[in-house]
$ cat structure_25.txt   # compact mmCIF, C-alpha atoms
# COMPACT_ATOMS: atom_id res chain seq x y z
CA MET F 22 -77.50 -78.89 19.90
CA GLU F 23 -79.24 -82.18 19.92
CA PRO F 24 -77.15 -85.14 21.00
CA ASN F 25 -77.81 -87.04 17.80
CA ARG F 26 -76.76 -84.17 15.62
CA LEU F 27 -73.58 -83.65 17.65
CA ILE F 28 -72.70 -87.31 17.32
CA LYS F 29 -73.28 -87.21 13.58
CA SER F 30 -71.13 -84.10 13.20
CA ILE F 31 -68.27 -85.63 15.13
CA PHE F 32 -68.57 -88.82 13.06
CA TRP F 33 -68.42 -86.98 9.74
CA LEU F 34 -65.57 -84.76 10.89
CA THR F 35 -63.63 -87.77 12.04
CA SER F 36 -64.28 -89.54 8.77
CA LEU F 37 -63.21 -86.58 6.68
CA THR F 38 -60.07 -86.01 8.76
CA GLY F 39 -59.09 -89.66 8.49
CA ALA F 40 -59.65 -89.64 4.76
CA GLY F 41 -57.57 -86.47 4.41
CA TYR F 42 -54.90 -88.00 6.48
CA LEU F 43 -54.95 -91.11 4.40
CA LEU F 44 -54.97 -89.00 1.24
CA LEU F 45 -52.05 -86.98 2.56
CA ILE F 46 -50.16 -90.15 3.36
CA ALA F 47 -50.89 -91.52 -0.12
CA THR F 48 -49.79 -88.30 -1.78
CA THR F 49 -46.57 -88.18 0.25
CA ALA F 50 -45.84 -91.82 -0.56
CA SER F 51 -46.41 -91.15 -4.25
CA GLN F 52 -43.99 -88.20 -4.20
CA ASP F 53 -41.35 -90.21 -2.35
CA SER F 54 -41.76 -93.02 -4.87
CA SER F 55 -41.28 -90.65 -7.82
CA LYS F 56 -38.23 -89.14 -6.21
CA LEU F 57 -36.82 -92.58 -5.60
CA LYS F 58 -37.50 -93.55 -9.15
CA MET F 59 -35.72 -90.39 -10.40
CA GLU F 60 -32.78 -91.13 -8.15
CA LEU F 61 -32.64 -94.70 -9.43
CA ILE F 62 -32.89 -93.52 -13.01
CA SER F 63 -30.17 -90.92 -12.45
CA GLU F 64 -27.94 -93.42 -10.72
CA GLY F 65 -28.48 -95.89 -13.55
CA ALA F 66 -27.64 -93.28 -16.14
CA ASP F 67 -24.44 -92.42 -14.27
CA ARG F 68 -23.48 -96.07 -14.13
CA ILE F 69 -24.19 -96.50 -17.83
CA SER F 70 -22.14 -93.38 -18.63
CA ALA F 71 -19.27 -94.62 -16.46
CA MET F 72 -19.42 -98.01 -18.18
CA LYS F 73 -19.37 -96.33 -21.57
CA ASN F 74 -16.41 -94.17 -20.56
CA ARG F 75 -14.52 -97.21 -19.32
CA GLU F 76 -15.27 -99.01 -22.58
CA VAL F 77 -14.14 -96.03 -24.64
CA GLU F 78 -10.96 -95.76 -22.58
CA ARG F 79 -10.36 -99.48 -22.96
CA GLN F 80 -10.81 -99.25 -26.73
CA MET F 81 -8.46 -96.24 -26.87
CA ASN F 82 -5.83 -98.13 -24.88
CA ILE F 83 -6.12 -101.03 -27.27
CA GLN F 84 -5.78 -98.66 -30.24
CA ARG F 85 -2.78 -96.92 -28.69
CA LYS F 86 -1.07 -100.25 -28.10
CA GLN F 87 -1.76 -101.29 -31.68
CA GLU F 88 -0.44 -97.98 -33.01
CA SER F 89 2.62 -98.26 -30.79
CA LYS F 90 3.28 -101.74 -32.13
CA LYS F 91 2.83 -100.49 -35.68
CA SER F 92 5.13 -97.52 -34.98
CA ILE F 93 7.80 -99.76 -33.51
CA SER F 94 7.42 -102.13 -36.44
CA ALA F 95 7.62 -99.27 -38.95
CA ALA F 96 10.65 -97.82 -37.16
CA ASN F 97 12.34 -101.21 -37.23
CA GLU F 98 11.53 -101.60 -40.90
CA GLN F 99 12.85 -98.08 -41.57
CA LEU F 100 16.02 -98.80 -39.63
CA ASP F 101 16.45 -102.13 -41.41
CA PHE F 102 16.04 -100.40 -44.78
CA PHE F 103 18.53 -97.68 -43.80
CA GLU F 104 21.07 -100.21 -42.59
CA LYS F 105 20.72 -102.26 -45.77
CA THR F 106 21.04 -99.20 -48.00
CA PHE F 107 23.96 -97.78 -46.02
CA ASN F 108 25.89 -101.05 -46.12
CA GLU F 109 25.26 -101.45 -49.84
CA LYS F 110 26.58 -97.96 -50.54
CA ILE F 111 29.65 -98.48 -48.33
CA SER F 112 30.36 -101.80 -50.07
CA PHE F 113 30.09 -100.08 -53.44
CA ILE F 114 32.56 -97.36 -52.43
CA GLU F 115 34.98 -99.93 -51.04
CA ALA F 116 34.76 -101.84 -54.32
CA MET F 117 35.51 -98.59 -56.18
CA LEU F 118 38.56 -98.01 -53.98
CA LYS F 119 39.76 -101.54 -54.67
CA LYS F 120 39.23 -101.02 -58.40
CA SER F 121 41.50 -97.95 -58.28
CA GLN F 122 44.53 -100.23 -58.20
CA THR F 123 43.69 -101.58 -61.66
CA LEU F 124 43.06 -98.31 -63.52
CA SER F 125 45.42 -96.24 -65.61
CA LYS F 126 46.50 -92.79 -64.48
CA ASN F 127 44.33 -91.18 -67.13
CA GLU F 128 41.25 -92.88 -65.69
CA LEU F 129 42.02 -92.18 -62.04
CA PRO F 130 41.00 -88.49 -61.77
CA GLU F 131 37.44 -89.13 -62.92
CA HIS F 132 37.34 -92.36 -60.89
CA PHE F 133 38.19 -90.52 -57.68
CA ASN F 134 35.68 -87.80 -58.58
CA ILE F 135 32.98 -90.50 -58.65
CA ILE F 136 34.17 -91.85 -55.29
CA SER F 137 33.98 -88.36 -53.76
CA LYS F 138 30.45 -87.93 -55.08
CA GLU F 139 29.37 -91.31 -53.69
CA ILE F 140 30.77 -90.50 -50.25
CA LEU F 141 28.95 -87.17 -50.30
CA VAL F 142 25.69 -88.91 -51.27
CA VAL F 143 26.00 -91.29 -48.31
CA GLN F 144 26.85 -88.42 -45.95
CA LYS F 145 23.69 -86.60 -46.98
CA TYR F 146 21.67 -89.82 -46.65
CA VAL F 147 22.88 -90.26 -43.08
CA ALA F 148 22.17 -86.63 -42.25
CA ALA F 149 18.64 -86.91 -43.63
CA SER F 150 18.01 -90.05 -41.55
CA ASN F 151 18.99 -88.58 -38.18
CA LEU F 152 15.31 -88.23 -37.20
CA PHE F 153 14.99 -91.94 -36.50
CA LEU F 154 18.62 -92.90 -35.87
CA CYS F 155 19.84 -93.06 -32.30
CA ASN F 156 22.96 -91.08 -31.42
CA TYR F 157 25.11 -94.19 -31.12
CA TYR F 158 24.17 -95.47 -34.56
CA LEU F 159 24.48 -92.00 -36.09
CA GLN F 160 27.99 -91.56 -34.69
CA LYS F 161 28.91 -95.04 -35.88
CA CYS F 162 27.85 -94.23 -39.45
CA GLN F 163 29.67 -90.90 -39.39
CA SER F 164 32.84 -92.59 -38.13
CA THR F 165 32.60 -95.15 -40.93
CA LEU F 166 32.28 -92.40 -43.53
CA GLN F 167 35.15 -90.39 -42.05
CA ALA F 168 37.43 -93.42 -42.18
CA LEU F 169 36.33 -94.10 -45.76
CA SER F 170 37.06 -90.50 -46.77
CA ILE F 171 40.54 -90.70 -45.27
CA ARG F 172 41.20 -93.98 -47.09
CA ALA F 173 40.04 -92.47 -50.38
CA LYS F 174 42.23 -89.39 -49.96
CA GLU F 175 45.29 -91.43 -49.00
CA LEU F 176 44.78 -93.77 -51.93
CA GLU F 177 44.36 -90.85 -54.31
CA ASN F 178 47.54 -89.23 -53.01
CA ASN F 179 49.42 -92.51 -53.48
CA LEU F 180 48.14 -93.24 -56.97
CA LEU F 181 47.99 -89.63 -58.14
CA PRO F 182 50.75 -87.78 -56.30
CA LYS F 183 50.74 -84.06 -56.78
CA LYS F 184 53.13 -83.17 -59.51
CA LYS F 185 55.86 -80.75 -58.80
CA PHE F 186 56.30 -77.82 -61.08
CA GLY F 187 58.93 -78.22 -63.72
CA PHE F 188 58.98 -76.50 -67.07
CA LYS F 189 60.25 -77.85 -70.34
CA ASN F 190 60.49 -74.40 -71.82
CA LYS F 191 62.33 -71.37 -70.63
CA ILE F 192 60.43 -68.26 -69.73
CA LYS F 193 61.18 -64.78 -70.90
CA LEU F 194 59.87 -61.47 -69.78
CA LYS F 195 57.95 -59.43 -72.30
CA ASP F 196 57.56 -55.77 -71.52
CA GLU F 197 55.38 -55.02 -74.53
CA ASP F 198 51.61 -55.23 -73.99
CA ASN F 199 52.27 -54.53 -70.32
CA SER F 200 49.91 -51.72 -69.49
CA GLN F 201 50.09 -52.21 -65.74
CA GLY F 202 53.83 -51.92 -65.33
CA MET F 203 54.20 -55.49 -64.14
CA ASP F 204 56.22 -58.39 -65.50
CA LEU F 205 54.35 -60.29 -68.21
CA VAL F 206 55.59 -63.86 -68.39
CA ASP F 207 54.96 -66.26 -71.24
CA PHE F 208 56.37 -69.54 -72.54
CA SER F 209 58.45 -69.79 -75.67
CA ASN F 210 59.14 -72.89 -77.66
CA LYS F 211 62.70 -71.84 -78.17
CA PRO F 212 64.93 -70.22 -75.62
CA GLN F 213 65.56 -66.59 -76.36
CA ASN F 214 67.79 -64.03 -74.81
CA GLY F 215 66.25 -62.12 -71.94
CA SER F 216 65.79 -62.22 -68.23
CA LEU F 217 64.37 -65.35 -66.69
CA SER F 218 61.47 -65.07 -64.29
CA SER F 219 61.67 -66.20 -60.71
CA SER F 220 59.90 -69.44 -61.67
CA LYS F 221 61.75 -72.42 -60.34
CA VAL F 222 62.34 -75.63 -62.27
CA HIS F 223 61.70 -78.73 -60.13
CA ASP F 224 61.65 -81.49 -62.75
CA ASN F 225 60.52 -82.11 -66.29
CA ASN F 226 57.19 -83.76 -65.59
CA ILE F 227 54.91 -80.73 -65.98
CA GLU F 228 54.51 -79.29 -69.43
CA CYS F 229 53.43 -75.79 -68.43
CA GLY F 230 52.62 -73.66 -65.44
CA PHE F 231 54.00 -71.10 -63.02
CA TYR F 232 55.66 -71.53 -59.64
CA ASP F 233 56.86 -69.19 -56.91
CA SER F 234 56.12 -65.80 -58.43
CA ALA F 235 54.93 -62.53 -56.96
CA ASN F 236 53.63 -59.25 -58.34
CA LYS F 237 53.54 -60.44 -61.95
CA VAL F 238 51.16 -60.69 -64.88
CA LEU F 239 51.53 -64.17 -66.31
CA SER F 240 49.99 -65.67 -69.42
CA LEU F 241 49.88 -68.78 -71.56
CA CYS F 242 48.55 -68.88 -75.10
CA PRO F 243 46.16 -71.53 -76.53
CA ASP F 244 48.89 -73.58 -78.20
CA GLN F 245 50.76 -73.88 -74.92
CA VAL F 246 47.87 -75.13 -72.79
CA ALA F 247 45.79 -77.15 -75.27
CA LYS F 248 44.96 -80.56 -73.73
CA LYS F 249 47.76 -80.22 -71.21
CA ASP F 250 48.06 -80.45 -67.45
CA VAL F 251 48.57 -76.88 -66.23
CA SER F 252 49.77 -76.05 -62.73
CA LEU F 253 49.91 -72.80 -60.79
CA GLU F 254 51.54 -72.89 -57.37
CA LYS F 255 52.88 -70.52 -54.78
CA LEU F 256 51.80 -67.30 -56.45
CA SER F 257 51.24 -64.00 -54.66
CA ASN F 258 49.71 -60.80 -56.03
CA CYS F 259 49.69 -62.22 -59.55
CA LYS F 260 47.32 -62.11 -62.49
CA VAL F 261 47.34 -65.23 -64.64
CA TYR F 262 45.67 -65.55 -68.06
CA LEU F 263 45.26 -69.05 -69.51
CA LYS F 264 43.67 -68.76 -72.94
CA GLY F 265 42.86 -72.17 -74.35
CA PHE F 266 41.49 -75.52 -73.22
CA PRO F 267 43.75 -77.36 -70.75
CA SER F 268 43.10 -80.96 -69.81
CA THR F 269 43.32 -80.27 -66.07
CA LEU F 270 44.23 -77.28 -63.95
CA HIS F 271 45.94 -77.45 -60.53
CA LEU F 272 45.89 -74.39 -58.26
CA ASN F 273 47.80 -74.46 -55.00
CA ASN F 274 48.98 -71.88 -52.49
CA LEU F 275 47.63 -68.78 -54.18
CA ASP F 276 47.29 -65.54 -52.27
CA ASN F 277 45.71 -62.33 -53.52
CA CYS F 278 45.71 -63.55 -57.12
CA ARG F 279 43.38 -63.31 -60.09
CA ILE F 280 43.23 -66.43 -62.24
CA PHE F 281 41.51 -66.39 -65.65
CA SER F 282 41.19 -69.71 -67.43
CA GLY F 283 39.57 -70.92 -70.61
CA PRO F 284 37.44 -74.10 -70.49
CA VAL F 285 39.18 -77.04 -68.79
CA SER F 286 38.03 -80.34 -70.29
CA THR F 287 38.11 -82.31 -67.01
CA SER F 288 38.72 -81.08 -63.47
CA ILE F 289 40.15 -78.09 -61.67
CA PHE F 290 41.80 -78.90 -58.34
CA ALA F 291 42.22 -75.87 -56.10
CA GLU F 292 43.78 -75.96 -52.63
CA ASN F 293 44.99 -73.31 -50.19
CA CYS F 294 43.73 -70.44 -52.31
CA ASN F 295 43.09 -67.34 -50.24
CA ASN F 296 41.95 -63.76 -50.88
CA SER F 297 41.78 -64.50 -54.60
CA THR F 298 39.46 -64.39 -57.60
CA LEU F 299 39.05 -67.40 -59.88
CA VAL F 300 37.37 -67.02 -63.27
CA ILE F 301 37.23 -70.63 -64.40
CA ALA F 302 35.28 -73.11 -66.54
CA CYS F 303 35.49 -76.89 -66.17
CA GLN F 304 33.65 -80.17 -65.96
CA GLN F 305 34.16 -80.41 -62.21
CA LEU F 306 35.68 -78.19 -59.53
CA ARG F 307 37.23 -79.53 -56.33
CA LEU F 308 38.05 -76.81 -53.83
CA HIS F 309 39.88 -77.51 -50.57
CA SER F 310 41.13 -75.47 -47.62
CA SER F 311 40.46 -72.07 -49.17
CA GLN F 312 39.06 -68.89 -47.67
CA ASN F 313 37.78 -65.53 -48.82
CA ILE F 314 37.67 -66.18 -52.54
CA GLU F 315 35.38 -65.16 -55.38
CA ILE F 316 34.68 -67.68 -58.12
CA TYR F 317 33.13 -66.84 -61.48
CA LEU F 318 32.27 -70.39 -62.41
CA HIS F 319 31.11 -72.47 -65.34
CA VAL F 320 30.80 -76.12 -64.34
CA THR F 321 28.89 -78.78 -66.28
CA SER F 322 28.94 -81.34 -63.48
CA ARG F 323 29.14 -80.14 -59.87
CA ALA F 324 31.51 -78.24 -57.63
CA ILE F 325 32.78 -79.85 -54.43
CA MET F 326 34.27 -77.92 -51.54
CA GLU F 327 35.77 -78.99 -48.23
CA ASP F 328 37.24 -77.00 -45.34
CA CYS F 329 36.43 -73.73 -47.08
CA SER F 330 34.74 -70.54 -45.95
CA LYS F 331 33.74 -67.11 -47.24
CA VAL F 332 33.33 -68.34 -50.80
CA ALA F 333 31.26 -66.16 -53.17
CA VAL F 334 30.10 -67.62 -56.48
CA ALA F 335 28.84 -66.03 -59.70
CA PRO F 336 28.47 -67.26 -63.30
CA TYR F 337 31.54 -67.35 -65.56
CA ASN F 338 31.81 -64.26 -67.74
CA TRP F 339 35.33 -64.03 -69.17
CA ARG F 340 35.49 -63.45 -72.91
CA TYR F 341 38.42 -63.65 -75.31
CA GLU F 342 38.96 -64.45 -78.96
CA ASN F 343 37.95 -68.02 -80.00
CA ILE F 344 36.58 -68.92 -76.57
CA ASP F 345 33.46 -70.46 -78.14
CA GLN F 346 35.62 -72.80 -80.19
CA HIS F 347 37.65 -73.66 -77.09
CA PHE F 348 34.46 -74.71 -75.31
CA LEU F 349 33.77 -77.08 -78.21
CA ASP F 350 37.35 -78.37 -78.16
CA ALA F 351 37.13 -78.98 -74.41
CA GLY F 352 33.83 -80.84 -74.80
CA LEU F 353 31.96 -78.47 -72.48
CA ASP F 354 28.41 -77.34 -73.18
CA LYS F 355 28.13 -73.57 -72.83
CA GLN F 356 24.38 -73.90 -72.24
CA VAL F 357 24.87 -76.11 -69.15
CA ASN F 358 26.24 -74.25 -66.16
CA ASN F 359 25.62 -75.60 -62.66
CA TRP F 360 27.44 -72.80 -60.88
CA ARG F 361 24.88 -72.86 -58.07
CA CYS F 362 25.29 -76.63 -57.48
CA ILE F 363 27.99 -76.76 -54.83
CA ASP F 364 28.38 -79.68 -52.44
CA ASP F 365 29.97 -78.68 -49.15
CA PHE F 366 31.51 -81.70 -47.38
CA ASN F 367 31.43 -79.75 -44.12
CA TRP F 368 27.70 -79.04 -44.29
CA LEU F 369 25.33 -82.00 -44.52
CA ASN F 370 22.06 -80.31 -43.56
CA ALA F 371 19.96 -80.66 -46.70
CA GLU F 372 17.28 -78.31 -45.41
CA ARG F 373 19.54 -75.31 -44.80
CA HIS F 374 22.05 -73.59 -47.06
CA SER F 375 25.72 -73.97 -46.21
CA PRO F 376 27.11 -70.91 -44.41
CA ASN F 377 30.47 -71.43 -46.12
CA TRP F 378 29.46 -70.17 -49.56
CA ARG F 379 26.94 -67.79 -51.08
CA GLU F 380 25.83 -66.38 -54.39
CA MET F 381 27.69 -63.17 -55.05
CA GLU F 382 25.54 -60.06 -54.84
CA GLN F 383 24.61 -58.72 -58.28
CA GLU F 384 25.99 -55.26 -57.60
CA LYS F 385 29.37 -56.69 -56.57
CA ARG F 386 29.95 -58.73 -59.72
CA VAL F 387 32.49 -57.62 -62.31
CA ILE F 388 30.74 -57.25 -65.66
CA ASP F 389 33.66 -56.58 -68.00
CA TRP F 390 37.12 -57.87 -67.10
CA ASN F 391 38.74 -55.80 -69.85
CA GLN F 392 37.89 -52.52 -68.16
$ encode --input "structure_25.txt" --output "structure tokens"
Amino acid sequence: MEPNRLIKSIFWLTSLTGAGYLLLIATTASQDSSKLKMELISEGADRISAMKNREVERQMNIQRKQESKKSISAANEQLDFFEKTFNEKISFIEAMLKKSQTLSKNELPEHFNIISKEILVVQKYVAASNLFLCNYYLQKCQSTLQALSIRAKELENNLLPKKKFGFKNKIKLKDEDNSQGMDLVDFSNKPQNGSLSSSKVHDNNIECGFYDSANKVLSLCPDQVAKKDVSLEKLSNCKVYLKGFPSTLHLNNLDNCRIFSGPVSTSIFAENCNNSTLVIACQQLRLHSSQNIEIYLHVTSRAIMEDCSKVAVAPYNWRYENIDQHFLDAGLDKQVNNWRCIDDFNWLNAERHSPNWREMEQEKRVIDWNQ
């Protein structure tokens, strides 16, 4: 090869190689720059995302603090409202207790009924507020109510002492109309010859009733109980029929008895009644310390029970001659019967039914008492 041509070939080869090298370097630099840019962009995006997350978290913390303040404020307002309402109700009951000293004996039974209702209302209010009340405050309120209940009961016992059983009329045994072979006891306006029952005369304060009897069928007619205070105490294995419209009815220490009563114009007070059946109608029923009883009830107001268990309730269904007129005479509405409305002082959970009483099963109810 000629020298000139060899020199030219080497020159062009060197030129091309240098250009390729330069091109390669430029290409590599361009790729590195793009990669760097992508890394910078990615890093920037991460920083922006982190900043946004921190801002969102900061805003959420601010919102949580605001909600917490609102919650605390609302709780304080709720507690303040509860405390105000509770104190107002307690003050009202205390004023009612103070007023008791100025009322006549005829007004006192209904007055103490109202006090009992008010105490029950406050007890339920406290029970319903236990979601936001602390244990200390809840126990404090319950202690206040317990003390108030004791005061009310003591005051009622002082102003309205339980009457002892004394009878103005003598009692004679009547064997006629006695289909069950048991002693049938009634009152007579005039003493007549015949055996006296085992009823015991205590004093002359009670107009009619029965005391300390066992295994008897006892009855009082409408004229004997009309608008009177009737008392039944210390009876065992007895059936008692009260046809008429007494003013009040007191039941105490009954065991394994069946009591049938016409409409009572005011209240029925029952205490220590066990293993018995009560077929009664009244304006209000107050049941205390009684177990395992069935009540066929007509009540136009409400029934109140305390320290009772195994109580079964069904609607009143006793029928006898002139009972519709006796309802009118007693001032009771036959169309209004709140037999399901029972306030249990030992059960304050408004969301669950008291375990101490139940509606009697349909198949267990007596349909006809004359059979």
$ atom_distance --input "structure_25.txt" --atom1 "atom CA of F:Cys162" --atom2 "atom CA of F:Val147"
7.3 Å
$ atom_distance --input "structure_25.txt" --atom1 "atom CA of F:Cys229" --atom2 "atom CA of F:Arg340"
22.2 Å
$ atom_distance --input "structure_25.txt" --atom1 "atom CA of F:His374" --atom2 "atom CA of F:Val387"
24.4 Å
$ closest_atom_pairs --input "structure_25.txt" --of "stretch 250-319 of chain F" --to "stretch 352-366 of chain F" --cutoff "12 Å" --atoms "all atoms listed in the file" --output "JSON lines"
{"residue": "F:Phe266", "atom": "CA", "partner": "F:Gly352", "partner_atom": "CA", "distance": 9.5}
{"residue": "F:Pro267", "atom": "CA", "partner": "F:Gly352", "partner_atom": "CA", "distance": 11.3}
{"residue": "F:Ser268", "atom": "CA", "partner": "F:Gly352", "partner_atom": "CA", "distance": 10.5}
{"residue": "F:Gly283", "atom": "CA", "partner": "F:Leu353", "partner_atom": "CA", "distance": 10.9}
{"residue": "F:Pro284", "atom": "CA", "partner": "F:Leu353", "partner_atom": "CA", "distance": 7.3}
{"residue": "F:Val285", "atom": "CA", "partner": "F:Leu353", "partner_atom": "CA", "distance": 8.2}
{"residue": "F:Ser286", "atom": "CA", "partner": "F:Gly352", "partner_atom": "CA", "distance": 6.2}
{"residue": "F:Thr287", "atom": "CA", "partner": "F:Gly352", "partner_atom": "CA", "distance": 9.0}
{"residue": "F:Ser288", "atom": "CA", "partner": "F:Leu353", "partner_atom": "CA", "distance": 11.6}
{"residue": "F:Val300", "atom": "CA", "partner": "F:Trp360", "partner_atom": "CA", "distance": 11.7}
{"residue": "F:Ile301", "atom": "CA", "partner": "F:Trp360", "partner_atom": "CA", "distance": 10.6}
{"residue": "F:Ala302", "atom": "CA", "partner": "F:Leu353", "partner_atom": "CA", "distance": 8.7}
{"residue": "F:Cys303", "atom": "CA", "partner": "F:Leu353", "partner_atom": "CA", "distance": 7.4}
{"residue": "F:Gln304", "atom": "CA", "partner": "F:Leu353", "partner_atom": "CA", "distance": 6.9}
{"residue": "F:Gln305", "atom": "CA", "partner": "F:Asn359", "partner_atom": "CA", "distance": 9.8}
{"residue": "F:Leu306", "atom": "CA", "partner": "F:Ile363", "partner_atom": "CA", "distance": 9.1}
{"residue": "F:Arg307", "atom": "CA", "partner": "F:Asp364", "partner_atom": "CA", "distance": 9.7}
{"residue": "F:Leu308", "atom": "CA", "partner": "F:Asp365", "partner_atom": "CA", "distance": 9.5}
{"residue": "F:His309", "atom": "CA", "partner": "F:Phe366", "partner_atom": "CA", "distance": 9.9}
{"residue": "F:Ser310", "atom": "CA", "partner": "F:Phe366", "partner_atom": "CA", "distance": 11.5}
{"residue": "F:Ile316", "atom": "CA", "partner": "F:Trp360", "partner_atom": "CA", "distance": 9.3}
{"residue": "F:Tyr317", "atom": "CA", "partner": "F:Trp360", "partner_atom": "CA", "distance": 8.3}
{"residue": "F:Leu318", "atom": "CA", "partner": "F:Trp360", "partner_atom": "CA", "distance": 5.6}
{"residue": "F:His319", "atom": "CA", "partner": "F:Asn358", "partner_atom": "CA", "distance": 5.2}
$ residues_around --input "structure_25.txt" --residues "F:Thr298" --least-positions-apart "6" --cutoff "12 Å" --atoms "only C-alpha atoms" --output "PyMOL selection string"
chain F and resi 258-261+272+275-282+291+311-318+332-335+337+386-387+390
$ write_last_selection --input "structure_25.txt" --atoms "C-alpha atoms" --output "PDB file, keeping the file's coordinate frame"
ATOM      1  CA  ASN F 258      49.710 -60.800 -56.030  1.00  0.00           C
ATOM      2  CA  CYS F 259      49.690 -62.220 -59.550  1.00  0.00           C
ATOM      3  CA  LYS F 260      47.320 -62.110 -62.490  1.00  0.00           C
ATOM      4  CA  VAL F 261      47.340 -65.230 -64.640  1.00  0.00           C
ATOM      5  CA  LEU F 272      45.890 -74.390 -58.260  1.00  0.00           C
ATOM      6  CA  LEU F 275      47.630 -68.780 -54.180  1.00  0.00           C
ATOM      7  CA  ASP F 276      47.290 -65.540 -52.270  1.00  0.00           C
ATOM      8  CA  ASN F 277      45.710 -62.330 -53.520  1.00  0.00           C
ATOM      9  CA  CYS F 278      45.710 -63.550 -57.120  1.00  0.00           C
ATOM     10  CA  ARG F 279      43.380 -63.310 -60.090  1.00  0.00           C
ATOM     11  CA  ILE F 280      43.230 -66.430 -62.240  1.00  0.00           C
ATOM     12  CA  PHE F 281      41.510 -66.390 -65.650  1.00  0.00           C
ATOM     13  CA  SER F 282      41.190 -69.710 -67.430  1.00  0.00           C
ATOM     14  CA  ALA F 291      42.220 -75.870 -56.100  1.00  0.00           C
ATOM     15  CA  SER F 311      40.460 -72.070 -49.170  1.00  0.00           C
ATOM     16  CA  GLN F 312      39.060 -68.890 -47.670  1.00  0.00           C
ATOM     17  CA  ASN F 313      37.780 -65.530 -48.820  1.00  0.00           C
ATOM     18  CA  ILE F 314      37.670 -66.180 -52.540  1.00  0.00           C
ATOM     19  CA  GLU F 315      35.380 -65.160 -55.380  1.00  0.00           C
ATOM     20  CA  ILE F 316      34.680 -67.680 -58.120  1.00  0.00           C
ATOM     21  CA  TYR F 317      33.130 -66.840 -61.480  1.00  0.00           C
ATOM     22  CA  LEU F 318      32.270 -70.390 -62.410  1.00  0.00           C
ATOM     23  CA  VAL F 332      33.330 -68.340 -50.800  1.00  0.00           C
ATOM     24  CA  ALA F 333      31.260 -66.160 -53.170  1.00  0.00           C
ATOM     25  CA  VAL F 334      30.100 -67.620 -56.480  1.00  0.00           C
ATOM     26  CA  ALA F 335      28.840 -66.030 -59.700  1.00  0.00           C
ATOM     27  CA  TYR F 337      31.540 -67.350 -65.560  1.00  0.00           C
ATOM     28  CA  ARG F 386      29.950 -58.730 -59.720  1.00  0.00           C
ATOM     29  CA  VAL F 387      32.490 -57.620 -62.310  1.00  0.00           C
ATOM     30  CA  TRP F 390      37.120 -57.870 -67.100  1.00  0.00           C
TER      31      TRP F 390
END
$ closest_residue --input "structure_25.txt" --among "F:Pro243, F:Gly230, F:Pro130, F:Pro182" --to "F:Asn343" --atoms "all atoms listed in the file"
F:Pro243
$ closest_residue --input "structure_25.txt" --among "F:Pro336, F:Lys331, F:Leu100, F:Leu256" --to "F:Leu152" --atoms "only C-alpha atoms"
F:Leu100
$ axis_aligned_box --input "structure_25.txt" --around "stretch 298-311 of chain F" --padding-each-side "4 Å" --output "lines of an AutoDock Vina configuration file"
center_x = 37.4
center_y = -72.4
center_z = -57.1
size_x = 15.5
size_y = 24.0
size_z = 26.9
$ closest_residue --input "structure_25.txt" --among "F:Glu327, F:Thr165, F:Asn134, F:Lys120" --to "F:Asn108" --atoms "all atoms listed in the file"
F:Thr165
$ residues_around --input "structure_25.txt" --residues "stretch 158-161 of chain F" --least-positions-apart "5" --cutoff "9 Å" --atoms "all atoms listed in the file" --output "PDB file with C-alpha atoms, in the coordinates of the input"
ATOM      1  CA  VAL F 147      22.880 -90.260 -43.080  1.00  0.00           C
ATOM      2  CA  ALA F 148      22.170 -86.630 -42.250  1.00  0.00           C
ATOM      3  CA  SER F 150      18.010 -90.050 -41.550  1.00  0.00           C
ATOM      4  CA  ASN F 151      18.990 -88.580 -38.180  1.00  0.00           C
ATOM      5  CA  LEU F 166      32.280 -92.400 -43.530  1.00  0.00           C
TER       6      LEU F 166
END
$ closest_residue --input "structure_25.txt" --among "F:Val77, F:Met72, F:Leu180, F:Ala149" --to "F:Glu372" --atoms "all atoms listed in the file"
F:Ala149
